[in-house]
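Colleague: The following file, target_7.txt, comprises compact mmCIF, C-alpha atoms:
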```
# COMPACT_ATOMS: atom_id res chain seq x y z
CA MET A 1 16.83 1.25 28.82
CA THR A 2 19.62 -0.87 30.25
CA ASP A 3 21.27 -3.88 28.71
CA SER A 4 20.09 -7.26 29.95
CA PRO A 5 22.60 -9.18 32.10
CA HIS A 6 21.27 -12.46 30.81
CA THR A 7 23.02 -14.35 28.03
CA PRO A 8 20.59 -15.71 25.43
CA ALA A 9 20.88 -19.25 24.15
CA PRO A 10 22.63 -19.68 20.80
CA PHE A 11 20.40 -20.00 17.75
CA PRO A 12 20.71 -23.05 15.52
CA LEU A 13 21.66 -22.50 11.91
CA ARG A 14 19.51 -24.02 9.21
CA SER A 15 20.85 -24.30 5.70
CA PRO A 16 18.67 -23.90 2.62
CA ALA A 17 20.37 -24.60 -0.67
CA MET A 18 22.21 -21.29 -0.79
CA LEU A 19 22.47 -19.70 2.66
CA ALA A 20 23.02 -20.63 6.28
CA ILE A 21 20.40 -18.72 8.27
CA ARG A 22 19.65 -17.96 11.91
CA GLU A 23 15.96 -17.36 12.54
CA GLU A 24 13.87 -16.44 15.57
CA GLY A 25 10.32 -15.25 16.23
CA ARG A 26 7.14 -14.83 14.23
CA GLY A 27 5.41 -12.00 12.44
CA GLU A 28 6.57 -9.46 9.88
CA PRO A 29 10.00 -10.42 8.48
CA LEU A 30 13.10 -8.45 9.43
CA VAL A 31 16.33 -9.41 7.60
CA LEU A 32 19.69 -8.57 9.24
CA VAL A 33 22.81 -8.47 7.04
CA HIS A 34 26.24 -8.63 8.73
CA GLY A 35 29.55 -6.98 7.83
CA ALA A 36 32.93 -8.09 6.53
CA GLY A 37 34.72 -9.48 9.58
CA THR A 38 32.06 -11.72 11.07
CA SER A 39 28.86 -13.66 10.27
CA SER A 40 25.27 -13.71 11.47
CA ALA A 41 26.78 -14.29 14.94
CA ILE A 42 27.11 -10.51 15.30
CA TRP A 43 23.31 -10.32 15.78
CA ARG A 44 23.03 -13.00 18.49
CA ARG A 45 22.51 -10.60 21.39
CA SER A 46 19.91 -8.50 19.56
CA MET A 47 17.86 -11.21 17.90
CA PRO A 48 15.84 -12.30 20.99
CA LEU A 49 14.81 -8.69 21.63
CA LEU A 50 13.76 -8.04 18.04
CA ALA A 51 12.06 -11.44 17.77
CA ALA A 52 9.60 -10.55 20.51
CA GLN A 53 7.52 -8.76 17.87
CA ARG A 54 8.60 -10.14 14.47
CA ARG A 55 10.26 -12.90 12.51
CA VAL A 56 13.99 -12.13 12.48
CA ILE A 57 16.19 -13.67 9.77
CA ALA A 58 19.99 -13.35 9.93
CA PRO A 59 21.76 -15.02 6.98
CA ASP A 60 25.45 -15.72 6.61
CA LEU A 61 26.45 -13.88 3.46
CA PRO A 62 27.94 -15.97 0.63
CA GLY A 63 31.53 -16.79 1.56
CA TYR A 64 30.90 -16.28 5.29
CA GLY A 65 29.89 -18.58 8.14
CA GLY A 66 28.08 -21.59 6.79
CA SER A 67 27.23 -20.16 3.36
CA PRO A 68 29.16 -21.13 0.22
CA ALA A 69 30.84 -18.37 -1.74
CA ALA A 70 29.17 -16.80 -4.78
CA GLY A 71 32.01 -16.91 -7.28
CA PRO A 72 35.78 -16.67 -6.94
CA GLY A 73 35.93 -13.19 -5.38
CA PHE A 74 33.30 -10.99 -3.76
CA ALA A 75 31.51 -9.01 -6.46
CA LEU A 76 28.91 -7.00 -4.56
CA GLU A 77 26.23 -7.38 -7.24
CA GLN A 78 26.71 -11.14 -7.45
CA VAL A 79 26.62 -11.49 -3.67
CA THR A 80 23.51 -9.31 -3.49
CA ASP A 81 21.66 -11.44 -6.03
CA GLY A 82 22.79 -14.57 -4.19
CA LEU A 83 21.43 -13.15 -0.94
CA ALA A 84 18.09 -12.30 -2.53
CA ALA A 85 17.79 -15.76 -4.08
CA GLY A 86 18.83 -17.46 -0.85
CA LEU A 87 16.18 -15.60 1.13
CA ASP A 88 13.59 -16.64 -1.45
CA ASP A 89 14.81 -20.23 -1.16
CA ALA A 90 14.45 -20.03 2.62
CA GLY A 91 10.82 -18.96 2.28
CA VAL A 92 11.27 -15.40 3.56
CA PRO A 93 8.19 -13.52 2.34
CA ALA A 94 8.65 -10.22 0.54
CA PRO A 95 8.51 -7.37 1.10
CA TYR A 96 10.65 -7.46 4.23
CA ASP A 97 12.36 -4.85 6.36
CA LEU A 98 16.09 -4.93 5.61
CA VAL A 99 18.92 -3.91 7.95
CA GLY A 100 22.53 -3.86 6.75
CA HIS A 101 25.59 -3.30 8.95
CA SER A 102 28.94 -2.00 7.63
CA MET A 103 29.72 -4.01 4.47
CA GLY A 104 26.23 -5.44 4.84
CA GLY A 105 24.95 -1.89 4.48
CA ALA A 106 26.45 -1.66 0.99
CA ILE A 107 24.85 -4.98 0.08
CA ALA A 108 21.51 -3.85 1.54
CA ILE A 109 21.60 -0.70 -0.64
CA LEU A 110 22.22 -2.82 -3.71
CA LEU A 111 19.50 -5.31 -2.79
CA ALA A 112 16.98 -2.47 -2.41
CA ALA A 113 18.09 -1.05 -5.79
CA ARG A 114 18.23 -4.34 -7.73
CA HIS A 115 15.19 -5.97 -6.11
CA PRO A 116 12.98 -3.09 -4.89
CA GLU A 117 9.89 -5.28 -4.71
CA ARG A 118 11.56 -7.28 -1.91
CA VAL A 119 12.34 -4.37 0.45
CA ARG A 120 9.70 -2.59 2.49
CA ARG A 121 11.94 -0.39 4.66
CA LEU A 122 15.72 -0.08 4.55
CA VAL A 123 17.85 0.70 7.61
CA LEU A 124 21.62 1.12 7.36
CA VAL A 125 23.85 0.66 10.40
CA ALA A 126 27.21 2.45 9.93
CA PRO A 127 27.18 1.48 6.24
CA ALA A 128 30.20 1.01 4.01
CA GLY A 129 30.16 1.75 0.30
CA LEU A 130 29.63 5.52 0.41
CA ALA A 131 33.20 6.86 0.39
CA ALA A 132 35.35 4.89 -2.02
CA LEU A 133 39.02 4.30 -1.23
CA PRO A 134 41.60 4.08 -4.03
CA ARG A 135 41.88 0.50 -5.29
CA LEU A 136 45.47 0.14 -4.08
CA ALA A 137 44.56 1.22 -0.53
CA ALA A 138 41.48 -1.00 -0.51
CA GLY A 139 43.53 -3.93 -1.81
CA LEU A 140 46.08 -3.49 0.96
CA LEU A 141 43.29 -3.26 3.52
CA GLY A 142 41.76 -6.45 2.19
CA ALA A 143 45.12 -8.22 2.11
CA VAL A 144 45.74 -7.72 5.83
CA ALA A 145 42.13 -8.30 6.94
CA ALA A 146 42.07 -12.11 6.77
CA PRO A 147 45.46 -12.66 8.51
CA PHE A 148 44.41 -10.20 11.21
CA ALA A 149 41.10 -12.05 11.72
CA ILE A 150 42.93 -15.37 11.97
CA ALA A 151 45.44 -13.99 14.49
CA ARG A 152 42.73 -12.37 16.58
CA ARG A 153 40.61 -15.53 16.56
CA THR A 154 43.55 -17.79 17.43
CA VAL A 155 44.86 -15.66 20.27
CA ALA A 156 41.76 -14.07 21.75
CA THR A 157 39.04 -16.72 21.50
CA PRO A 158 40.42 -19.06 24.19
CA LEU A 159 41.14 -16.06 26.44
CA ALA A 160 37.82 -14.28 25.98
CA GLY A 161 36.88 -14.87 29.61
CA SER A 162 39.23 -12.01 30.45
CA ALA A 163 37.69 -8.53 30.34
CA LEU A 164 41.04 -7.11 29.27
CA VAL A 165 41.30 -9.53 26.34
CA ARG A 166 37.76 -8.65 25.24
CA ARG A 167 38.62 -4.96 25.37
CA LEU A 168 41.68 -5.49 23.19
CA ALA A 169 40.14 -7.98 20.76
CA LEU A 170 36.95 -5.96 20.23
CA ALA A 171 38.59 -2.53 20.07
CA GLY A 172 36.73 -0.41 17.53
CA VAL A 173 33.91 -2.91 17.31
CA ALA A 174 32.90 -2.03 20.87
CA ARG A 175 33.69 1.07 22.88
CA ASP A 176 34.26 -1.23 25.85
CA GLY A 177 34.62 -4.86 24.85
CA ALA A 178 34.26 -5.96 28.47
CA ARG A 179 30.53 -5.23 28.15
CA VAL A 180 30.19 -8.12 25.73
CA PRO A 181 29.65 -11.39 27.63
CA ALA A 182 32.46 -13.90 27.11
CA GLU A 183 30.18 -16.39 25.32
CA HIS A 184 29.18 -13.83 22.72
CA ALA A 185 32.70 -12.47 22.33
CA ARG A 186 33.92 -16.00 21.60
CA ALA A 187 31.13 -16.55 19.07
CA VAL A 188 31.94 -13.34 17.20
CA LEU A 189 35.69 -13.94 17.26
CA ALA A 190 35.27 -17.54 16.15
CA SER A 191 32.86 -16.61 13.35
CA SER A 192 35.75 -15.65 11.06
CA ALA A 193 36.73 -19.33 10.90
CA GLY A 194 34.07 -19.99 8.27
CA ALA A 195 34.76 -16.82 6.31
CA THR A 196 36.62 -17.30 3.04
CA ARG A 197 35.90 -13.83 1.66
CA ILE A 198 36.93 -11.40 4.42
CA GLY A 199 39.64 -9.71 2.36
CA PRO A 200 37.73 -9.55 -0.96
CA GLY A 201 34.55 -8.46 0.83
CA LEU A 202 36.29 -5.65 2.66
CA ALA A 203 38.09 -4.52 -0.50
CA SER A 204 34.89 -4.57 -2.57
CA ALA A 205 32.96 -2.54 -0.01
CA ALA A 206 35.85 -0.10 0.45
CA THR A 207 36.05 0.71 -3.27
CA ALA A 208 32.28 0.98 -3.80
CA ASP A 209 30.61 4.36 -4.26
CA LEU A 210 26.88 3.82 -3.93
CA ARG A 211 25.83 7.42 -3.34
CA HIS A 212 23.94 7.69 -6.62
CA THR A 213 22.37 4.29 -6.06
CA LEU A 214 21.24 5.39 -2.60
CA ALA A 215 19.81 8.64 -3.98
CA SER A 216 17.80 6.71 -6.56
CA LEU A 217 16.06 4.46 -4.03
CA GLU A 218 12.36 5.20 -3.66
CA GLY A 219 11.58 3.31 -0.44
CA PRO A 220 11.82 4.62 3.14
CA LEU A 221 15.36 4.93 4.50
CA GLY A 222 16.66 4.98 8.07
CA VAL A 223 20.12 5.03 9.64
CA VAL A 224 21.42 3.84 13.02
CA TRP A 225 24.95 4.72 14.13
CA GLY A 226 27.13 4.15 17.19
CA GLU A 227 28.05 7.48 18.77
CA HIS A 228 31.78 6.69 18.97
CA ASP A 229 32.30 4.57 15.85
CA PRO A 230 35.98 4.81 14.79
CA VAL A 231 35.61 2.39 11.87
CA ILE A 232 32.98 4.30 9.87
CA PRO A 233 32.61 7.64 11.71
CA PRO A 234 29.12 9.09 12.34
CA ARG A 235 30.03 12.22 10.36
CA ARG A 236 29.44 10.04 7.29
CA ILE A 237 25.72 10.60 7.90
CA GLU A 238 26.13 13.90 6.03
CA VAL A 239 26.96 11.93 2.88
CA ILE A 240 23.70 10.03 3.31
CA ARG A 241 21.72 13.21 4.02
CA ARG A 242 22.96 14.79 0.80
CA ALA A 243 21.81 11.74 -1.13
CA ARG A 244 18.58 11.26 0.85
CA PRO A 245 17.43 14.37 2.79
CA ASP A 246 14.41 12.40 4.03
CA VAL A 247 16.52 9.86 5.97
CA GLU A 248 15.52 9.09 9.57
CA LEU A 249 18.46 8.87 12.01
CA SER A 250 19.01 7.41 15.47
CA VAL A 251 22.35 7.49 17.33
CA VAL A 252 23.17 4.82 19.92
CA ARG A 253 25.03 6.54 22.74
CA ASP A 254 28.22 5.26 24.34
CA THR A 255 28.99 2.59 21.77
CA ALA A 256 31.17 2.03 18.68
CA HIS A 257 30.93 0.17 15.37
CA ALA A 258 28.75 -2.76 16.47
CA PRO A 259 26.06 -1.46 18.85
CA MET A 260 23.98 -4.60 18.23
CA LEU A 261 26.75 -6.56 19.98
CA GLU A 262 27.87 -4.11 22.66
CA ARG A 263 24.55 -2.51 23.71
CA PRO A 264 21.81 -4.70 22.25
CA GLU A 265 18.87 -3.22 24.13
CA ALA A 266 19.83 0.33 23.21
CA PHE A 267 20.46 -0.73 19.61
CA CYS A 268 17.11 -2.49 19.31
CA ALA A 269 15.30 0.51 20.79
CA ALA A 270 17.01 2.76 18.23
CA LEU A 271 16.17 0.41 15.36
CA GLU A 272 12.53 0.07 16.40
CA ASP A 273 12.31 3.86 16.74
CA VAL A 274 13.63 4.39 13.22
CA LEU A 275 11.35 1.71 11.76
CA ALA A 276 8.34 3.31 13.47
CA ARG A 277 9.21 6.69 11.90
CA LEU A 278 9.43 5.05 8.46
CA ARG A 279 5.87 3.77 8.42
```
Please, can you express the file's structure as structure tokens?
Modeller:
Amino acid sequence: MTDSPHTPAPFPLRSPAMLAIREEGRGEPLVLVHGAGTSSAIWRRSMPLLAAQRRVIAPDLPGYGGSPAAGPGFALEQVTDGLAAGLDDAGVPAPYDLVGHSMGGAIAILLAARHPERVRRLVLVAPAGLAALPRLAAGLLGAVAAPFAIARRTVATPLAGSALVRRLALAGVARDGARVPAEHARAVLASSAGATRIGPGLASAATADLRHTLASLEGPLGVVWGEHDPVIPPRRIEVIRRARPDVELSVVRDTAHAPMLERPEAFCAALEDVLARLR
């Protein structure tokens, strides 16, 4: 399956009391949870493909995009409960299929553990929260994350029409940033403007060790990973297999940390394949 050359129209955000949400399609609900350096904008290229068969809901996590923060920092449990309540407030029927990317993977694990009645099938995409860093290292990582995001947004967003700039600005996120259309690269780079919790979110996810929580989950579990992910390497799947030997895996070839952005058709095919195996 090849990636579509067409650029989909942007999706309007609607704001219930607690969360800003992008939504598309009808049918069984599929909730997409983004990672630390972006917002629901990371799913823009994949949503039209997934929405052909289901109702796709992509919230901005508390403290990101258009959603207000849940407390002064970014306590994963507090954010998770805020996400669950915000989805309820938005009228998302449970149980829903839940997909979490990177930091969003850690939050998705916690949501499935704390609110199991809400989650039908859980799919993690290169999840954080399974190999804790020392607090000092995680704090340093969090401290540089927000300034880096600001610098990248300020410099790269107006120049995103250049393939070279997209390659540099999306390094690690994409194996070849030039594959991401300029409109979508700008949207992802600009999405950090509304994020007030990039540093705390990254630090919280980096210090979390949710292996026992993952092992205790009773619902079906799948994993999707980019073949060449340098941010959270695919070898981390062995950690997940030790916790959950029944996990279903799909690898998206020739892509990095954000396959939903770089190769949306291949990512959606992988996700649908995993979901089908979890029935």
Colleague: Report, in Å with one decimal, the straight-line distance from CA of His184 (chain A) to CA of Ala206 (chain A).
Modeller: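 Interatomic distance here is 27.0 Å.
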Colleague: Could you list, with a cut-off of 7 Å and counting all atoms listed in the file, the residues of region 6-121 of chain A near region 253-267 of chain A, each shown with its nearest atom pair and the distance in Å rounded to one decimal, rows sorted by chain and ascending number, as CSV?
Modeller:
```
residue,atom,partner,partner_atom,distance
A:Ile42,CA,A:Leu261,CA,6.1
A:Trp43,CA,A:Met260,CA,6.3
A:Arg45,CA,A:Pro264,CA,6.0
A:Ser46,CA,A:Pro264,CA,5.0
```
Colleague: Counting all atoms listed in the file, which of A:Arg22, A:Arg167, A:Arg175, A:Arg241 gets nearest to Leu130 (chain A)?
Modeller: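 The answer is A:Arg241, which sits nearest to Leu130 (chain A).
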Colleague: Go ahead and compute the interatomic distance for CA of Leu19 (chain A) and CA of Tyr96 (chain A), in Å to one decimal.
Modeller: 17.1 Å
Colleague: Near Pro72 (chain A), counting only C-alpha atoms, which residues have an atom at most 10 Å away, once you skip same-chain residues fewer than 2 positions from it, shown as JSON, numbers by chain?
Modeller: {"A": [63, 69, 70, 74, 75, 197, 200]}
Colleague: Using all atoms listed in the file, which protein or nucleic acid residues come within 12 Å of His212 (chain A)? Drop anything in the same chain fewer than 6 positions from it, and give the result as a VMD selection string.
Modeller: chain A and resid 109 to 110 113 129 to 131 239 to 240 242 to 244
Colleague: May I ask which of the residues A:Val56, A:Pro230, A:Ala146, A:Thr80 is the closest one to Ile198 (chain A), counting only C-alpha atoms?
Modeller: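 Using only C-alpha atoms, Ile198 (chain A) sits closest to A:Ala146.
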Colleague: Out of A:Arg211, A:Arg152, A:Arg179, A:Arg54, which residue has the shortest atom-to-atom distance to Leu164 (chain A) when counting only C-alpha atoms?
Modeller: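 Going through A:Arg211, A:Arg152, A:Arg179, A:Arg54 one by one, the smallest distance to Leu164 (chain A) is for A:Arg179.
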Colleague: Provide the CA of His101 (chain A) to CA of Glu24 (chain A) distance in Å, to one decimal place.
Modeller: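 Straight-line distance from CA of His101 (chain A) to CA of Glu24 (chain A) works out to 18.8 Å.
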Colleague: Given the point (13.4, 5.4, 16.8) in the coordinates of this file, which residues lie within 12 Å, counting all atoms listed in the file, and how would they look as a PyMOL selection string?
Modeller: chain A and resi 123+222-225+248-252+266-279
